[in-house]
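A short write-up of the structure that comes next.
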Amino acid sequence: MTNLDLYAKAEHLLGIEEATEALYDLYRSELDDYNVKTLLDVGCGRGGFMERMISDGVECKGVDLSTLMVEECKAKGLDAESVDAKDVKGKYDAIVSIFDVLNFMSKEELLEFLEAMADKLNDDGIFIADINTLYGFSDVAEGTMSSDSESEFLSVDAVFENNELHTKFTLFEKGEDGRYTKYQDTIVQYFHKIQFFQKLSGLKLVDKQTFSLYDTEDKTLLIFKKR
Ligand SMILES: C[S@@+](CC[C@H](N)C(=O)[O-])C[C@H]1O[C@@H](n2cnc3c(N)ncnc32)[C@H](O)[C@@H]1O
């Protein structure tokens, strides 16, 4: 199992449903200003945002590097694939990366990714993503928590150092025979400065809004247009 698949298994124990819904509302209201008929959701997770956009009449495709996430999307009848976003064919009116997806990429990966997304946007296309602020990493994300259900126990231990958040997930899952299986892996998230996004050749940063998802000014929404 990859670290992203472990995240997929653990996500429902993190208590982020409300924050996720709030983010979806924000993205949806931003997209309302544009005539979006086709949308690519990179890091689509369980496909909740695609489901909303489909109900608005938008044709949606999702990609996620976690095969578990993609399986769940497919079970809901969504068009999702577990491939590198750079390899997705076609062009879109809008591309989104919702809830930390850009923070999962290192500087080098992010640069390549963003330039590739510019090529996948139609003229006048829009790319929207959110990133964690330094405060979001150091004060909100860092720390430990645990959570459980009838058949699972999760502990999360996050340390922010040298502009990287290392989050160790430990999940115990009870099988039908009553025995527990232990899964453990670490996810690294990278802090990115706004200036980084102002120097892209394919995308122009047209708007940025710092807002509070959990706490004061923990996130920034970035809105790009194709250059
Ligand atoms: C915090 S989750 C958010 C999921 C979804 N966007 C939502 O709002 O519910 C981050 C997602 O990004 C995916 N991910 C991380 N790096 C990725 C990459 N380079 N390409 C595609 N998906 C990625 C993870 O597998 C995970 O599903």
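Scheme for the structure tokens: letters A, B, ... for chains in order shown; per-chain residue numbers from 1; ligand numbers from 1 in order shown.
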
- Task: Could you give me, as number ranges by chain, every polymer residue with an atom at most 10 Å away from an atom of ligand 1, counting only C-alpha atoms and all ligand atoms?
- Result: A: 2-8, 11, 16-17, 19-24, 41-50, 62-70, 81-86, 96-106, 109-110, 113, 129, 187-189

Which neighbours of segment 119-121 of chain A fall inside 7 Å, counting only C-alpha atoms, when residues of the same chain fewer than 6 positions from it are skipped, and could you give them as an mmCIF file with C-alpha atoms, in the first residue's frame?
```
data_model
loop_
_atom_site.group_PDB
_atom_site.id
_atom_site.type_symbol
_atom_site.label_atom_id
_atom_site.label_comp_id
_atom_site.auth_asym_id
_atom_site.auth_seq_id
_atom_site.Cartn_x
_atom_site.Cartn_y
_atom_site.Cartn_z
ATOM 1 C CA GLY A 90 -7.610 16.753 -23.773
ATOM 2 C CA LYS A 91 -8.216 20.354 -22.738
ATOM 3 C CA TYR A 92 -10.501 21.762 -20.056
ATOM 4 C CA ASP A 93 -12.276 25.011 -19.223
ATOM 5 C CA ALA A 94 -11.234 24.644 -15.582
ATOM 6 C CA LYS A 226 -3.665 30.621 -18.982
#
```

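The coordinates place atom CA of Glu142 of chain A at 13.1 Å from atom CA of Phe169 of chain A.
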
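Shortest atom-to-atom contact with Gly136 of chain A among A:Lys61, A:His12, A:Glu176, A:Tyr214: A:Tyr214, counting only C-alpha atoms.
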
Min atom-atom distance to Ser201 of chain A from the set A:Asp148, A:Glu115, A:Asp215, A:Asp87, counting only C-alpha atoms, belongs to A:Glu115

Notebook entry, point to check: Residues at most 10 Å from Val206 of chain A, counting only C-alpha atoms, excluding those fewer than 3 positions away in the same chain, as a ChimeraX atom specification?
Noted result: /A:126,198,203,222-226

Hey, what does DSSP flag as alpha helix (DSSP H) within segment 93-204 of chain A? Can you give it to me as a list of chain:residue names?
->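 Checking each residue of segment 93-204 of chain A, the alpha helix (DSSP H) ones are A:Lys107, A:Glu108, A:Glu109, A:Leu110, A:Leu111, A:Glu112, A:Phe113, A:Leu114, A:Glu115, A:Ala116, A:Met117, A:Ala118, A:Asp119, A:Leu134, A:Tyr135, A:Ile194, A:Gln195, A:Phe196, A:Phe197.
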
Next, the residues of the selection above should be written as a short mmCIF file (atom, residue, chain, number, x, y, z; two decimals), in the first residue's frame with N, CA, C and O atoms.
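The file below, selection.cif, is the result:
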```cif
data_model
loop_
_atom_site.label_atom_id
_atom_site.label_comp_id
_atom_site.auth_asym_id
_atom_site.auth_seq_id
_atom_site.Cartn_x
_atom_site.Cartn_y
_atom_site.Cartn_z
N LYS A 107 8.93 21.30 -4.89
CA LYS A 107 9.07 22.46 -5.80
C LYS A 107 9.22 22.00 -7.24
O LYS A 107 8.56 22.51 -8.14
N GLU A 108 10.11 21.03 -7.46
CA GLU A 108 10.40 20.56 -8.81
C GLU A 108 9.16 19.92 -9.44
O GLU A 108 8.81 20.20 -10.58
N GLU A 109 8.49 19.06 -8.66
CA GLU A 109 7.27 18.40 -9.16
C GLU A 109 6.18 19.43 -9.46
O GLU A 109 5.49 19.34 -10.47
N LEU A 110 6.09 20.42 -8.58
CA LEU A 110 5.04 21.42 -8.71
C LEU A 110 5.24 22.27 -9.97
O LEU A 110 4.28 22.54 -10.70
N LEU A 111 6.48 22.65 -10.22
CA LEU A 111 6.77 23.47 -11.40
C LEU A 111 6.39 22.72 -12.67
O LEU A 111 5.69 23.25 -13.54
N GLU A 112 6.82 21.48 -12.75
CA GLU A 112 6.49 20.65 -13.93
C GLU A 112 4.98 20.48 -14.06
O GLU A 112 4.42 20.56 -15.16
N PHE A 113 4.34 20.25 -12.92
CA PHE A 113 2.89 20.04 -12.91
C PHE A 113 2.15 21.28 -13.40
O PHE A 113 1.28 21.20 -14.27
N LEU A 114 2.52 22.45 -12.87
CA LEU A 114 1.79 23.67 -13.21
C LEU A 114 1.96 24.02 -14.69
O LEU A 114 1.00 24.42 -15.36
N GLU A 115 3.18 23.86 -15.20
CA GLU A 115 3.40 24.17 -16.62
C GLU A 115 2.60 23.20 -17.49
O GLU A 115 2.05 23.58 -18.52
N ALA A 116 2.50 21.94 -17.06
CA ALA A 116 1.72 20.95 -17.82
C ALA A 116 0.23 21.29 -17.78
O ALA A 116 -0.49 21.11 -18.76
N MET A 117 -0.25 21.80 -16.64
CA MET A 117 -1.67 22.14 -16.52
C MET A 117 -2.02 23.31 -17.46
O MET A 117 -3.12 23.35 -18.01
N ALA A 118 -1.07 24.24 -17.63
CA ALA A 118 -1.30 25.36 -18.55
C ALA A 118 -1.64 24.83 -19.95
O ALA A 118 -2.54 25.34 -20.62
N ASP A 119 -0.96 23.77 -20.37
CA ASP A 119 -1.19 23.17 -21.69
C ASP A 119 -2.55 22.49 -21.78
O ASP A 119 -3.03 22.23 -22.87
N LEU A 134 2.29 29.46 5.88
CA LEU A 134 3.30 29.03 6.85
C LEU A 134 2.62 28.80 8.21
O LEU A 134 2.89 27.83 8.91
N TYR A 135 1.69 29.69 8.55
CA TYR A 135 0.95 29.56 9.81
C TYR A 135 0.11 28.28 9.82
O TYR A 135 0.04 27.57 10.82
N ILE A 194 4.23 32.31 -2.10
CA ILE A 194 3.40 32.89 -3.17
C ILE A 194 4.27 33.30 -4.37
O ILE A 194 3.89 33.12 -5.52
N GLN A 195 5.46 33.86 -4.07
CA GLN A 195 6.34 34.34 -5.15
C GLN A 195 6.61 33.26 -6.19
O GLN A 195 6.75 33.54 -7.37
N PHE A 196 6.68 32.02 -5.74
CA PHE A 196 6.94 30.89 -6.63
C PHE A 196 5.88 30.84 -7.75
O PHE A 196 6.18 30.52 -8.89
N PHE A 197 4.64 31.18 -7.38
CA PHE A 197 3.52 31.06 -8.33
C PHE A 197 3.42 32.26 -9.27
O PHE A 197 2.61 32.27 -10.18
#
```

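Going from atom CA of Glu150 of chain A to atom CA of Tyr183 of chain A covers 16.9 Å.
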
Expressed in Å, the length from atom CA of Ser149 of chain A to atom CA of Leu13 of chain A is 7.7 Å

Residue with the minimum atom-to-atom distance to Leu171 of chain A, picked from A:Asp157, A:Glu51, A:Asp218, A:Asp25 with only C-alpha atoms counted, is A:Asp157

One residue among A:Asp130, A:Glu173, A:Asp32, A:Glu164 is nearest to Leu213 of chain A when using only C-alpha atoms, and that residue is A:Asp130

With a distance cut-off of 9 Å and only C-alpha atoms, select the neighbouring residues of Phe160 of chain A, excluding the residue or stretch itself and same-chain residues fewer than 4 positions from it, and output the selection as a VMD selection string. chain A and resid 137 to 138 141 to 143 164 to 167

Counting only C-alpha atoms, closest pick from A:Ser151, A:Asn122, A:Ser55, A:Asn35 relative to Gly175 of chain A is A:Ser151

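You can rank A:Lys9, A:Arg52, A:Lys219, A:Lys182 by their closest distance to Arg28 of chain A using only C-alpha atoms, and at the top of that list sits A:Arg52.
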
Hey, what does DSSP flag as strand (DSSP E) within segment 50-183 of chain A? Can you give it to me as a ChimeraX atom specification? /A:59-63,80-81,92-97,121-132,143-148,152-161,164-174,180-183
